[in-house]
>>> print(open('query-v9.txt').read())   # compact mmCIF, C-alpha atoms
# COMPACT_ATOMS: atom_id res chain seq x y z
CA MET A 20 -7.74 6.82 -22.16
CA ASN A 21 -5.08 6.87 -19.45
CA VAL A 22 -7.78 7.96 -16.98
CA LEU A 23 -9.81 4.89 -17.92
CA PHE A 24 -6.87 2.53 -17.40
CA SER A 25 -6.10 4.31 -14.14
CA LEU A 26 -9.65 3.64 -12.94
CA LEU A 27 -9.35 0.01 -14.04
CA ALA A 28 -6.01 -0.42 -12.26
CA GLY A 29 -7.47 1.10 -9.08
CA LEU A 30 -10.47 -1.23 -9.26
CA VAL A 31 -8.40 -4.38 -9.79
CA PHE A 32 -5.97 -3.27 -7.10
CA GLY A 33 -8.85 -2.73 -4.67
CA LEU A 34 -10.39 -6.12 -5.49
CA GLY A 35 -7.01 -7.74 -4.89
CA LEU A 36 -6.69 -6.03 -1.51
CA LEU A 37 -10.19 -7.18 -0.51
CA ILE A 38 -9.75 -10.79 -1.69
CA SER A 39 -6.25 -11.16 -0.24
CA GLY A 40 -7.31 -10.13 3.28
CA MET A 41 -5.25 -6.91 3.31
CA THR A 42 -8.37 -4.86 4.10
CA ASP A 43 -8.93 -6.78 7.34
CA PRO A 44 -6.68 -4.99 9.88
CA ALA A 45 -6.91 -7.90 12.35
CA LYS A 46 -5.46 -10.21 9.68
CA VAL A 47 -2.65 -7.76 8.93
CA LEU A 48 -1.79 -7.58 12.63
CA GLY A 49 -1.90 -11.39 12.76
CA PHE A 50 0.84 -11.37 10.13
CA LEU A 51 2.89 -8.73 11.96
CA ASP A 52 2.58 -10.61 15.28
CA LEU A 53 5.58 -12.93 14.96
CA ALA A 54 5.65 -13.68 18.69
CA GLY A 55 1.97 -14.57 18.92
CA LEU A 56 -0.17 -16.84 16.74
CA TRP A 57 1.41 -15.98 13.38
CA ASP A 58 -0.74 -15.90 10.23
CA PRO A 59 1.67 -16.14 7.26
CA SER A 60 -1.04 -15.35 4.65
CA LEU A 61 0.18 -11.86 3.80
CA ALA A 62 3.61 -13.16 2.81
CA LEU A 63 1.79 -15.08 0.08
CA VAL A 64 0.01 -11.89 -1.03
CA MET A 65 3.45 -10.42 -1.67
CA VAL A 66 4.59 -13.58 -3.48
CA GLY A 67 1.54 -13.51 -5.79
CA ALA A 68 1.83 -9.79 -6.49
CA ILE A 69 5.59 -9.80 -7.10
CA ALA A 70 5.40 -12.89 -9.35
CA VAL A 71 3.17 -10.93 -11.73
CA GLY A 72 4.97 -7.63 -11.12
CA LEU A 73 8.39 -9.09 -12.00
CA VAL A 74 7.17 -10.00 -15.49
CA ALA A 75 5.53 -6.61 -16.09
CA PHE A 76 8.49 -4.57 -14.88
CA THR A 77 10.99 -6.70 -16.82
CA VAL A 78 9.02 -5.81 -19.97
CA VAL A 79 8.61 -2.15 -19.04
CA LYS A 80 12.30 -1.58 -18.22
CA LYS A 81 13.10 -2.10 -21.92
CA ARG A 82 10.58 0.51 -23.07
CA THR A 83 10.48 4.29 -23.07
CA LEU A 84 6.80 4.51 -24.05
CA SER A 85 3.83 2.70 -22.52
CA LEU A 86 1.31 0.72 -24.58
CA LEU A 87 -0.79 3.92 -24.72
CA GLY A 88 2.22 5.83 -26.03
CA LEU A 89 2.80 7.67 -22.76
CA PRO A 90 6.28 8.18 -21.35
CA VAL A 91 7.32 5.51 -18.84
CA HIS A 92 7.98 7.13 -15.46
CA LEU A 93 10.14 4.84 -13.34
CA PRO A 94 11.73 6.23 -10.17
CA THR A 95 15.20 7.62 -10.79
CA ALA A 96 16.29 8.08 -7.15
CA ARG A 97 19.07 5.70 -6.16
CA GLN A 98 20.37 7.01 -2.86
CA ILE A 99 19.56 5.17 0.34
CA ASP A 100 19.36 8.09 2.74
CA ARG A 101 17.95 9.03 6.12
CA ARG A 102 14.65 10.20 4.61
CA LEU A 103 14.01 6.80 3.07
CA ILE A 104 14.87 4.86 6.21
CA ALA A 105 13.20 7.21 8.72
CA GLY A 106 10.11 7.47 6.51
CA GLY A 107 9.87 3.69 6.14
CA LEU A 108 10.27 3.14 9.89
CA THR A 109 7.66 5.82 10.72
CA PHE A 110 5.21 4.27 8.29
CA GLY A 111 5.88 0.84 9.82
CA VAL A 112 5.05 2.05 13.34
CA GLY A 113 1.70 3.44 12.11
CA TRP A 114 1.02 0.24 10.16
CA GLY A 115 1.75 -1.85 13.24
CA LEU A 116 -0.50 0.28 15.47
CA ALA A 117 -3.64 -0.02 13.33
CA GLY A 118 -2.93 -2.76 10.78
CA ILE A 119 -3.89 -0.38 7.97
CA CYS A 120 -1.74 0.87 5.09
CA PRO A 121 -2.80 3.49 2.49
CA GLY A 122 -4.45 1.24 -0.14
CA PRO A 123 -6.65 -0.73 2.26
CA ALA A 124 -7.47 2.54 4.07
CA VAL A 125 -9.05 3.95 0.91
CA VAL A 126 -10.88 0.66 0.25
CA LEU A 127 -12.26 0.74 3.82
CA VAL A 128 -13.67 4.20 3.13
CA GLY A 129 -15.27 2.83 -0.04
CA SER A 130 -16.87 0.08 2.09
CA GLY A 131 -18.51 2.80 4.16
CA ASP A 132 -16.44 2.03 7.25
CA ALA A 133 -16.54 5.03 9.63
CA ARG A 134 -13.34 3.93 11.39
CA GLY A 135 -11.60 3.72 8.03
CA LEU A 136 -12.69 7.30 7.43
CA ILE A 137 -11.08 8.41 10.72
CA PHE A 138 -7.82 6.72 9.69
CA VAL A 139 -7.87 8.24 6.20
CA GLY A 140 -8.63 11.70 7.64
CA ALA A 141 -5.55 11.41 9.88
CA MET A 142 -3.46 10.00 7.02
CA LEU A 143 -4.40 12.92 4.76
CA ALA A 144 -3.55 15.30 7.62
CA GLY A 145 -0.15 13.60 7.90
CA MET A 146 0.45 14.01 4.18
CA GLY A 147 -0.63 17.65 4.47
CA ILE A 148 1.88 18.19 7.29
CA PHE A 149 4.58 16.71 5.04
CA GLU A 150 3.62 19.12 2.23
CA LEU A 151 3.76 22.11 4.58
CA LEU A 152 7.18 21.13 5.92
CA GLU A 153 8.50 20.57 2.39
CA ARG A 154 7.21 23.95 1.18
CA ARG A 155 8.68 25.75 4.18
CA LYS A 156 12.05 24.17 3.40
CA ALA A 157 11.91 25.17 -0.28
CA MET B 76 6.94 -18.99 16.53
CA THR B 77 3.53 -20.65 16.34
CA VAL B 78 1.76 -20.65 12.99
CA ASP B 79 -1.94 -19.79 13.10
CA TRP B 80 -3.16 -22.53 10.74
CA THR B 81 -6.87 -21.84 11.42
CA HIS B 82 -6.65 -18.30 10.02
CA PHE B 83 -4.13 -19.14 7.28
CA THR B 84 -5.78 -18.45 3.90
CA PRO B 85 -3.17 -19.37 1.26
CA TYR B 86 -5.48 -19.49 -1.80
CA ALA B 87 -7.20 -16.17 -1.10
CA ALA B 88 -3.83 -14.59 -0.32
CA VAL B 89 -2.15 -15.77 -3.52
CA SER B 90 -5.13 -14.96 -5.77
CA GLY B 91 -5.61 -11.53 -4.18
CA GLY B 92 -1.88 -10.98 -4.54
CA VAL B 93 -1.99 -11.92 -8.22
CA LEU B 94 -4.78 -9.36 -8.74
CA ILE B 95 -2.67 -6.70 -7.00
CA GLY B 96 0.27 -7.61 -9.24
CA LEU B 97 -2.02 -7.51 -12.27
CA ALA B 98 -3.23 -4.03 -11.33
CA ALA B 99 0.36 -2.82 -10.96
CA ALA B 100 1.14 -4.46 -14.33
CA ILE B 101 -1.81 -2.79 -16.10
CA PHE B 102 -0.82 0.54 -14.62
CA VAL B 103 2.83 0.45 -15.61
CA LEU B 104 2.27 -1.17 -19.03
CA PHE B 105 -0.53 1.17 -20.16
CA ASN B 106 0.03 4.34 -18.15
CA GLY B 107 3.77 4.02 -17.62
CA ARG B 108 3.34 4.75 -13.92
CA ILE B 109 4.15 3.06 -10.61
CA ALA B 110 1.05 1.95 -8.71
CA GLY B 111 2.19 3.49 -5.45
CA ILE B 112 -0.89 4.44 -3.51
CA SER B 113 0.65 6.86 -1.00
CA GLY B 114 2.36 8.67 -3.90
CA ILE B 115 -0.88 8.84 -5.88
CA ILE B 116 -2.86 10.19 -2.91
CA GLY B 117 -0.01 12.53 -1.98
CA GLY B 118 -0.04 13.80 -5.55
CA LEU B 119 -3.56 15.12 -4.96
CA PHE B 120 -1.90 17.72 -2.68
CA ARG B 121 0.10 19.02 -5.62
CA PRO B 122 -2.34 20.30 -8.24
CA GLY B 123 -1.11 21.89 -11.44
CA THR B 124 1.09 18.97 -12.46
CA GLY B 125 -1.44 17.68 -15.00
CA ASN B 126 -1.65 14.40 -13.09
CA LEU B 127 -4.80 15.11 -11.11
CA ALA B 128 -7.23 13.30 -13.45
CA TRP B 129 -5.50 9.90 -13.48
CA GLN B 130 -4.62 10.16 -9.79
CA ALA B 131 -8.26 10.83 -8.88
CA ALA B 132 -9.37 8.00 -11.22
CA PHE B 133 -7.07 5.50 -9.49
CA VAL B 134 -8.41 6.50 -6.07
CA ALA B 135 -11.97 6.27 -7.44
CA GLY B 136 -11.21 2.71 -8.56
CA LEU B 137 -10.07 1.80 -5.04
CA LEU B 138 -13.20 3.39 -3.56
CA LEU B 139 -15.48 1.53 -6.00
CA ALA B 140 -13.84 -1.90 -5.53
CA PRO B 141 -15.90 -2.86 -2.45
CA TRP B 142 -19.09 -1.85 -4.22
CA LEU B 143 -18.18 -4.01 -7.24
CA LEU B 144 -17.25 -7.00 -5.10
CA HIS B 145 -20.38 -6.58 -3.00
CA SER B 146 -22.53 -6.92 -6.13
CA VAL B 147 -21.34 -10.53 -6.58
CA ALA B 148 -20.22 -11.67 -3.12
CA PRO B 149 -20.44 -10.62 0.53
CA LEU B 150 -17.65 -8.24 1.56
CA PRO B 151 -14.93 -9.81 3.71
CA ALA B 152 -14.79 -8.76 7.36
CA ALA B 153 -12.77 -5.69 8.32
CA ARG B 154 -12.00 -6.11 12.00
CA ILE B 155 -10.50 -2.87 13.30
CA GLU B 156 -9.24 -3.40 16.83
CA ALA B 157 -7.65 0.03 17.27
CA GLY B 158 -9.55 2.73 19.17
CA THR B 159 -10.15 6.21 17.78
CA GLY B 160 -7.02 7.72 19.38
CA THR B 161 -4.81 4.94 18.05
CA LEU B 162 -6.38 5.24 14.59
CA ILE B 163 -5.58 8.96 14.50
CA VAL B 164 -1.97 8.52 15.65
CA ALA B 165 -1.49 5.58 13.25
CA GLY B 166 -3.00 7.52 10.35
CA LEU B 167 -0.74 10.52 10.98
CA LEU B 168 2.36 8.30 11.13
CA VAL B 169 1.35 6.45 7.96
CA GLY B 170 0.68 9.74 6.14
CA ILE B 171 3.95 11.42 7.14
CA GLY B 172 6.11 8.29 6.95
CA THR B 173 4.98 7.16 3.50
CA ARG B 174 5.60 10.62 2.04
CA TYR B 175 9.05 11.01 3.63
CA GLY B 176 9.98 7.48 2.65
CA SER B 177 8.56 7.96 -0.88
CA GLY B 178 6.26 4.96 -0.75
CA CYS B 179 4.26 2.34 1.06
CA THR B 180 3.39 -1.34 0.77
CA SER B 181 2.34 -0.90 -2.87
CA GLY B 182 4.99 1.43 -4.28
CA HIS B 183 7.98 -0.03 -2.43
CA GLY B 184 6.65 -3.45 -1.38
CA VAL B 185 5.00 -4.59 -4.62
CA CYS B 186 6.30 -2.38 -7.45
CA GLY B 187 9.74 -1.62 -6.00
CA LEU B 188 10.58 -5.24 -5.20
CA SER B 189 9.19 -6.29 -8.60
CA ARG B 190 11.63 -3.99 -10.36
CA LEU B 191 14.45 -5.12 -8.04
CA SER B 192 15.06 -1.65 -6.58
CA PRO B 193 17.60 -1.63 -3.71
CA ARG B 194 15.95 1.54 -2.33
CA SER B 195 12.58 -0.21 -2.14
CA LEU B 196 14.14 -3.27 -0.55
CA VAL B 197 15.57 -1.06 2.22
CA ALA B 198 12.26 0.79 2.68
CA THR B 199 10.27 -2.47 2.74
CA ALA B 200 12.65 -4.04 5.26
CA GLY B 201 12.28 -0.87 7.34
CA PHE B 202 8.50 -0.74 7.49
CA MET B 203 8.18 -4.51 7.99
CA LEU B 204 10.69 -4.41 10.85
CA ALA B 205 8.99 -1.40 12.44
CA GLY B 206 5.62 -3.15 12.04
CA PHE B 207 6.87 -6.35 13.68
CA ILE B 208 8.43 -4.43 16.58
CA THR B 209 5.36 -2.21 17.10
CA VAL B 210 3.01 -5.18 17.27
CA PHE B 211 5.40 -6.96 19.63
CA ILE B 212 5.46 -3.94 21.96
CA VAL B 213 1.69 -3.38 21.84
CA ARG B 214 0.63 -7.01 22.15
CA HIS B 215 3.34 -8.57 24.28
CA LEU B 216 5.06 -5.88 26.35
CA PHE B 217 2.04 -3.73 27.24
CA ALA B 218 -0.63 -6.40 27.09
>>> encode(input="query-v9.txt", output="structure tokens")
Amino acid sequence: MNVLFSLLAGLVFGLGLLISGMTDPAKVLGFLDLAGLWDPSLALVMVGAIAVGLVAFTVVKKRTLSLLGLPVHLPTARQIDRRLIAGGLTFGVGWGLAGICPGPAVVLVGSGDARGLIFVGAMLAGMGIFELLERRKA
Amino acid sequence: MTVDWTHFTPYAAVSGGVLIGLAAAIFVLFNGRIAGISGIIGGLFRPGTGNLAWQAAFVAGLLLAPWLLHSVAPLPAARIEAGTGTLIVAGLLVGIGTRYGSGCTSGHGVCGLSRLSPRSLVATAGFMLAGFITVFIVRHLFA
């Protein structure tokens, strides 16, 4: 059952990315280009998503079990450390170079976009490098 | 700052955003999980946790979304300006950065801000700032 809801959530998420314009890298870069002709659309994507998210997370915070009876896994980390900041900044540089973040990247692959596939291949390689470095440290 | 009114799409942006929020809501209410896409994809590198099935299902949903939309409407344009080299460098940075920073636009930007997490606020401010600066350098300093 949780697999079914996971599939549904992925589908709705992907539709939202497509409809909002997040899967069009040129539009994303238009939002990130404050000094050029600035397209504020993506700020409204965040507003729409967070408006709904606020309600859902307010409800969930009071629960220990989900509606399917599964344990609620909310992040427990609280510390604002170098990993968080350096990771966020690194991601932002990549996002600004191509205008693609992980969700839209996967949707682009689903659209059959060869360039999306190149990006996702590199992104998976990056995640693999992270795993290797983490395992070496452990 | 000059606003690009001709490309401004407020209704599509808000309705797409609401769908994204709805997906995150479905996921946390029913599955009790954060819809953080880099974390879900990164989880595929760690088999044996018992999470593989729902992680793969979420990714499958993302992959199938364009096909579903295409059956009722033409797919929106995806204009990728970056060349192959840039795409590879960008992909590597996004892959490494999102895993080190424990999240991306979905996990920190949508879910994290929705649950009022200070950590996510810092991460989101970080990747937005880096994105703004990168585009400024690429488009205005080296153009």
>>> atom_distance(input="query-v9.txt", atom1="atom CA of B:Phe133", atom2="atom CA of B:Ile116")
9.1 Å
>>> atom_distance(input="query-v9.txt", atom1="atom CA of A:Ile38", atom2="atom CA of A:Asp132")
17.0 Å
>>> residues_around(input="query-v9.txt", residues="A:Arg102", least_positions_apart="4", cutoff="8 Å", atoms="only C-alpha atoms", output="number ranges by chain")
A: 106; B: 175-176
>>> residues_around(input="query-v9.txt", residues="A:Val91", least_positions_apart="3", cutoff="9 Å", atoms="only C-alpha atoms", output="PyMOL selection string")
(chain A and resi 79-80+82-85+88) or (chain B and resi 103-104+106-108)
>>> closest_residue(input="query-v9.txt", among="B:Phe207, B:Thr124, B:Ile212, B:Pro193", to="A:Asp100", atoms="all atoms listed in the file")
B:Pro193
>>> closest_residue(input="query-v9.txt", among="B:Ala131, B:Ala218, B:Val185, B:Phe120", to="A:Ile148", atoms="all atoms listed in the file")
B:Phe120
>>> closest_residue(input="query-v9.txt", among="A:Leu51, A:Ser25, A:Ala144, A:Leu37", to="B:His145", atoms="only C-alpha atoms")
A:Leu37
>>> closest_residue(input="query-v9.txt", among="A:Lys81, A:Arg101, A:Arg155, A:His92", to="chain B", atoms="only C-alpha atoms")
A:His92
>>> atom_distance(input="query-v9.txt", atom1="atom CA of A:Gly107", atom2="atom CA of B:Leu196")
10.6 Å
